[in-house]
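One structure below.
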Amino acid sequence: MSYKRIKPFFKIALIVIFSIFSFITKAAPQNPPENVEDYRWLYEKLFTETDRVEQPKESIKSFYIHLLDSDQNFPEPRHIVTANLKLIEKVEGLITYVNAIKKKYIYDILKANDRALVLNVKIHLKDPVKNSVSEDFKKFNEKIKLAENIWNEHRAITDFNYYFKFDLVENEADSHFSVSVLDSTRGPYDRNWGRNWTPITIAHEIGHMLGLGDEYQTLSGKIDCLKTSLMCSSGSGNLMPHHYYFVLRRLIYINGPHNL
């Protein structure tokens, strides 16, 4: 069989596979998980009364998507304190991506000279365009440091000092994630990065690497969540208290829920 005959066959096969994937993903429940009411106490602590009253559907969507995590430890926010910190060097687990796929998150916990905890994500640019490795590295490094600033600017207050550090590394073996470089892409966050991404978009994508899910409907792109949230609006949203809670909770050893 000639290549010209084989090529249309592969196109048809890809269309069928994508259609099946789209059906499965769209069929995945968009409604809150069955146990969401068990965590309404947490929702009420993390979201303002204004958002809960004026945007109840949007705010609950921005909340419950982060319950779909392999780490089911959801303690009281007030328990995220120095006395409960675990002695760990790495955090890793699985989020539910596009409502159906389990994808990893991973970040190191380092100790700074001032004894602050450093939540560190290391990313490798896998296959930049030929003869532009240094240019890609330079531009992405500038953007990733701006994304780092976005994460550090509105940190939730705790009794221990912490900050976020995002690094581009030259060796894949030293990275948490190795991503291909494309001119334009929607991701996924752990496979492809776009040269057209803004620092805010990168801050959103690194949010996945830190274990946060997409709050909007991923395939349709429908914004059925809080538009002010970075994980809802990847081009214009802000980091909010619930984002920091769902990342920092993994640093303590108290099992949840603890509605005391």
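For the structure tokens, the naming scheme is as follows: chains receive sequential letters (A, B, ...) according to their order of presentation, residues are indexed from 1 within each chain, and ligands are indexed from 1 in presentation order.
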
Any idea what's packed within 8 Å of segment 209-212 of chain A, counting only C-alpha atoms, ignoring anything in its chain fewer than 3 positions away? Could you give it as an mmCIF file with N, CA and C atoms, in the first residue's frame?
data_model
loop_
_atom_site.group_PDB
_atom_site.id
_atom_site.type_symbol
_atom_site.label_atom_id
_atom_site.label_comp_id
_atom_site.auth_asym_id
_atom_site.auth_seq_id
_atom_site.Cartn_x
_atom_site.Cartn_y
_atom_site.Cartn_z
ATOM 1 N N HIS A 66 -10.593 21.179 42.693
ATOM 2 C CA HIS A 66 -9.334 20.878 43.368
ATOM 3 C C HIS A 66 -9.472 19.749 44.389
ATOM 4 N N ASP A 69 -8.147 15.116 43.567
ATOM 5 C CA ASP A 69 -6.700 15.012 43.754
ATOM 6 C C ASP A 69 -6.396 13.673 44.414
ATOM 7 N N GLY A 93 1.918 13.852 43.246
ATOM 8 C CA GLY A 93 0.610 13.211 43.224
ATOM 9 C C GLY A 93 -0.008 13.354 41.850
ATOM 10 N N LEU A 94 -1.343 13.155 41.793
ATOM 11 C CA LEU A 94 -2.056 13.191 40.518
ATOM 12 C C LEU A 94 -3.267 14.102 40.613
ATOM 13 N N ILE A 95 -3.424 14.984 39.614
ATOM 14 C CA ILE A 95 -4.644 15.761 39.485
ATOM 15 C C ILE A 95 -5.513 15.120 38.411
ATOM 16 N N LYS A 104 0.375 14.077 36.531
ATOM 17 C CA LYS A 104 1.173 14.272 37.742
ATOM 18 C C LYS A 104 1.411 15.743 38.074
ATOM 19 N N TYR A 105 1.624 15.962 39.356
ATOM 20 C CA TYR A 105 2.209 17.208 39.835
ATOM 21 C C TYR A 105 3.392 16.815 40.699
ATOM 22 N N ILE A 106 4.392 17.662 40.714
ATOM 23 C CA ILE A 106 5.591 17.365 41.501
ATOM 24 C C ILE A 106 6.370 18.654 41.736
ATOM 25 N N TYR A 107 6.837 18.842 42.952
ATOM 26 C CA TYR A 107 7.683 19.987 43.266
ATOM 27 C C TYR A 107 8.533 19.654 44.486
ATOM 28 N N VAL A 121 9.826 24.271 41.336
ATOM 29 C CA VAL A 121 9.476 23.493 40.139
ATOM 30 C C VAL A 121 10.573 23.697 39.106
ATOM 31 N N TYR A 189 0.115 21.040 29.829
ATOM 32 C CA TYR A 189 1.158 21.710 30.593
ATOM 33 C C TYR A 189 2.438 20.901 30.742
ATOM 34 N N ASP A 190 2.339 19.582 30.727
ATOM 35 C CA ASP A 190 3.509 18.732 30.966
ATOM 36 C C ASP A 190 4.131 18.205 29.680
ATOM 37 N N GLU A 205 -0.134 27.482 33.986
ATOM 38 C CA GLU A 205 0.345 26.137 33.653
ATOM 39 C C GLU A 205 1.210 25.555 34.768
ATOM 40 N N ILE A 206 2.008 26.381 35.409
ATOM 41 C CA ILE A 206 2.798 25.905 36.543
ATOM 42 C C ILE A 206 1.882 25.587 37.713
ATOM 43 N N MET A 231 -6.802 30.020 37.763
ATOM 44 C CA MET A 231 -7.023 28.681 37.223
ATOM 45 C C MET A 231 -8.352 28.601 36.473
ATOM 46 N N HIS A 243 -6.132 28.700 46.055
ATOM 47 C CA HIS A 243 -5.007 28.130 45.313
ATOM 48 C C HIS A 243 -3.860 27.805 46.262
ATOM 49 N N PHE A 246 -4.685 24.751 48.623
ATOM 50 C CA PHE A 246 -4.609 23.411 48.046
ATOM 51 C C PHE A 246 -3.167 22.983 47.766
ATOM 52 N N VAL A 247 -2.252 23.938 47.640
ATOM 53 C CA VAL A 247 -0.834 23.591 47.481
ATOM 54 C C VAL A 247 -0.183 23.382 48.847
#

Determine, for each residue of segment 95-121 of chain A having at least one atom at most 7 Å from an atom of segment 157-169 of chain A, the closest pair of atoms and their separation in Å to one decimal, counting only C-alpha atoms; order by chain and ascending number, as JSON lines.
{"residue": "A:Ala116", "atom": "CA", "partner": "A:Asn161", "partner_atom": "CA", "distance": 4.7}
{"residue": "A:Leu117", "atom": "CA", "partner": "A:Tyr162", "partner_atom": "CA", "distance": 4.4}
{"residue": "A:Val118", "atom": "CA", "partner": "A:Tyr163", "partner_atom": "CA", "distance": 5.2}
{"residue": "A:Leu119", "atom": "CA", "partner": "A:Phe164", "partner_atom": "CA", "distance": 4.8}
{"residue": "A:Asn120", "atom": "CA", "partner": "A:Lys165", "partner_atom": "CA", "distance": 4.8}
{"residue": "A:Val121", "atom": "CA", "partner": "A:Phe166", "partner_atom": "CA", "distance": 4.9}

Checklist entry - Separation of atom CA of Tyr43 of chain A and atom CA of Ile80 of chain A, in Å? => result 16.0 Å

Next on the checklist: Using DSSP secondary structure from the backbone, list all alpha helix (DSSP H) positions within segment 2-198 of chain A, as an NGL selection string.
Outcome noted: :A and (3-27 or 40-46 or 49-54 or 56-64 or 133-153)

Go ahead and write the residues just picked, C-alpha atoms, as a CSV table (one decimal), in the first residue's frame.
chain,number,residue,atom,x,y,z
A,3,TYR,CA,2.1,6.2,1.5
A,4,LYS,CA,-0.6,8.3,-0.3
A,5,ARG,CA,-3.2,5.7,0.5
A,6,ILE,CA,-2.0,5.1,4.1
A,7,LYS,CA,-2.0,8.9,4.9
A,8,PRO,CA,-5.8,9.3,4.6
A,9,PHE,CA,-6.3,6.2,6.7
A,10,PHE,CA,-4.3,7.6,9.6
A,11,LYS,CA,-6.2,10.9,9.3
A,12,ILE,CA,-9.5,9.0,9.7
A,13,ALA,CA,-8.1,7.0,12.6
A,14,LEU,CA,-7.0,10.2,14.4
A,15,ILE,CA,-10.4,11.7,13.9
A,16,VAL,CA,-12.1,8.7,15.3
A,17,ILE,CA,-9.7,8.6,18.3
A,18,PHE,CA,-10.2,12.3,19.0
A,19,SER,CA,-14.0,11.9,18.7
A,20,ILE,CA,-14.0,9.1,21.2
A,21,PHE,CA,-11.8,11.1,23.6
A,22,SER,CA,-14.0,14.1,23.2
A,23,PHE,CA,-17.1,12.1,24.0
A,24,ILE,CA,-15.5,10.5,27.1
A,25,THR,CA,-14.3,13.9,28.3
A,26,LYS,CA,-17.5,15.7,27.7
A,27,ALA,CA,-19.4,12.9,29.3
A,40,ARG,CA,-18.8,23.0,52.3
A,41,TRP,CA,-17.2,24.1,55.6
A,42,LEU,CA,-13.9,24.5,53.7
A,43,TYR,CA,-15.5,26.2,50.8
A,44,GLU,CA,-17.0,28.8,53.1
A,45,LYS,CA,-13.6,29.5,54.7
A,46,LEU,CA,-11.7,29.8,51.4
A,49,GLU,CA,-19.2,35.7,51.2
A,50,THR,CA,-19.5,38.1,48.3
A,51,ASP,CA,-18.4,35.5,45.8
A,52,ARG,CA,-20.5,32.8,47.5
A,53,VAL,CA,-23.6,34.9,47.4
A,54,GLU,CA,-23.2,36.7,44.1
A,56,PRO,CA,-22.5,30.6,43.9
A,57,LYS,CA,-22.2,28.3,40.8
A,58,GLU,CA,-19.0,29.9,39.6
A,59,SER,CA,-17.3,29.9,43.1
A,60,ILE,CA,-18.3,26.3,43.9
A,61,LYS,CA,-16.8,25.2,40.6
A,62,SER,CA,-13.6,27.0,41.3
A,63,PHE,CA,-13.5,25.1,44.6
A,64,TYR,CA,-14.5,21.6,44.0
A,133,VAL,CA,18.2,27.0,22.0
A,134,SER,CA,19.8,30.0,23.8
A,135,GLU,CA,17.1,32.4,22.5
A,136,ASP,CA,14.2,30.1,23.7
A,137,PHE,CA,15.9,29.6,27.0
A,138,LYS,CA,16.4,33.3,27.5
A,139,LYS,CA,12.9,34.3,26.6
A,140,PHE,CA,11.2,31.5,28.6
A,141,ASN,CA,13.5,32.2,31.6
A,142,GLU,CA,12.4,35.8,31.6
A,143,LYS,CA,8.7,34.8,31.5
A,144,ILE,CA,9.1,32.1,34.1
A,145,LYS,CA,10.6,34.5,36.6
A,146,LEU,CA,7.7,36.9,36.0
A,147,ALA,CA,5.4,33.9,36.7
A,148,GLU,CA,7.3,33.3,39.8
A,149,ASN,CA,6.7,36.8,40.9
A,150,ILE,CA,3.0,36.4,40.3
A,151,TRP,CA,2.9,33.4,42.6
A,152,ASN,CA,5.0,35.2,45.3
A,153,GLU,CA,3.1,38.5,45.2

Checklist entry - Which of these, A:Leu248, A:Leu125, A:Ile254, A:Met240, has the shortest distance to Trp193 of chain A once you count only C-alpha atoms? => result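 Ranking A:Leu248, A:Leu125, A:Ile254, A:Met240 by distance to Trp193 of chain A, first place goes to A:Leu125.
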
Next on the checklist: Measuring between only C-alpha atoms, which one of A:Lys90, A:His242, A:Lys227, A:His204 shows the shortest distance to Arg186 of chain A?
Outcome noted: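 Under the stated criterion, the closest residue is A:His204.
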
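Across the model, the gap from atom CA of Arg195 of chain A to atom CA of His124 of chain A is 14.2 Å.
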
Checklist entry - If you measure from atom CA of Leu226 of chain A to atom CA of Pro75 of chain A, what distance in Å do you get, rounded to one decimal? => result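 Result for atom CA of Leu226 of chain A versus atom CA of Pro75 of chain A: 23.1 Å, one decimal.
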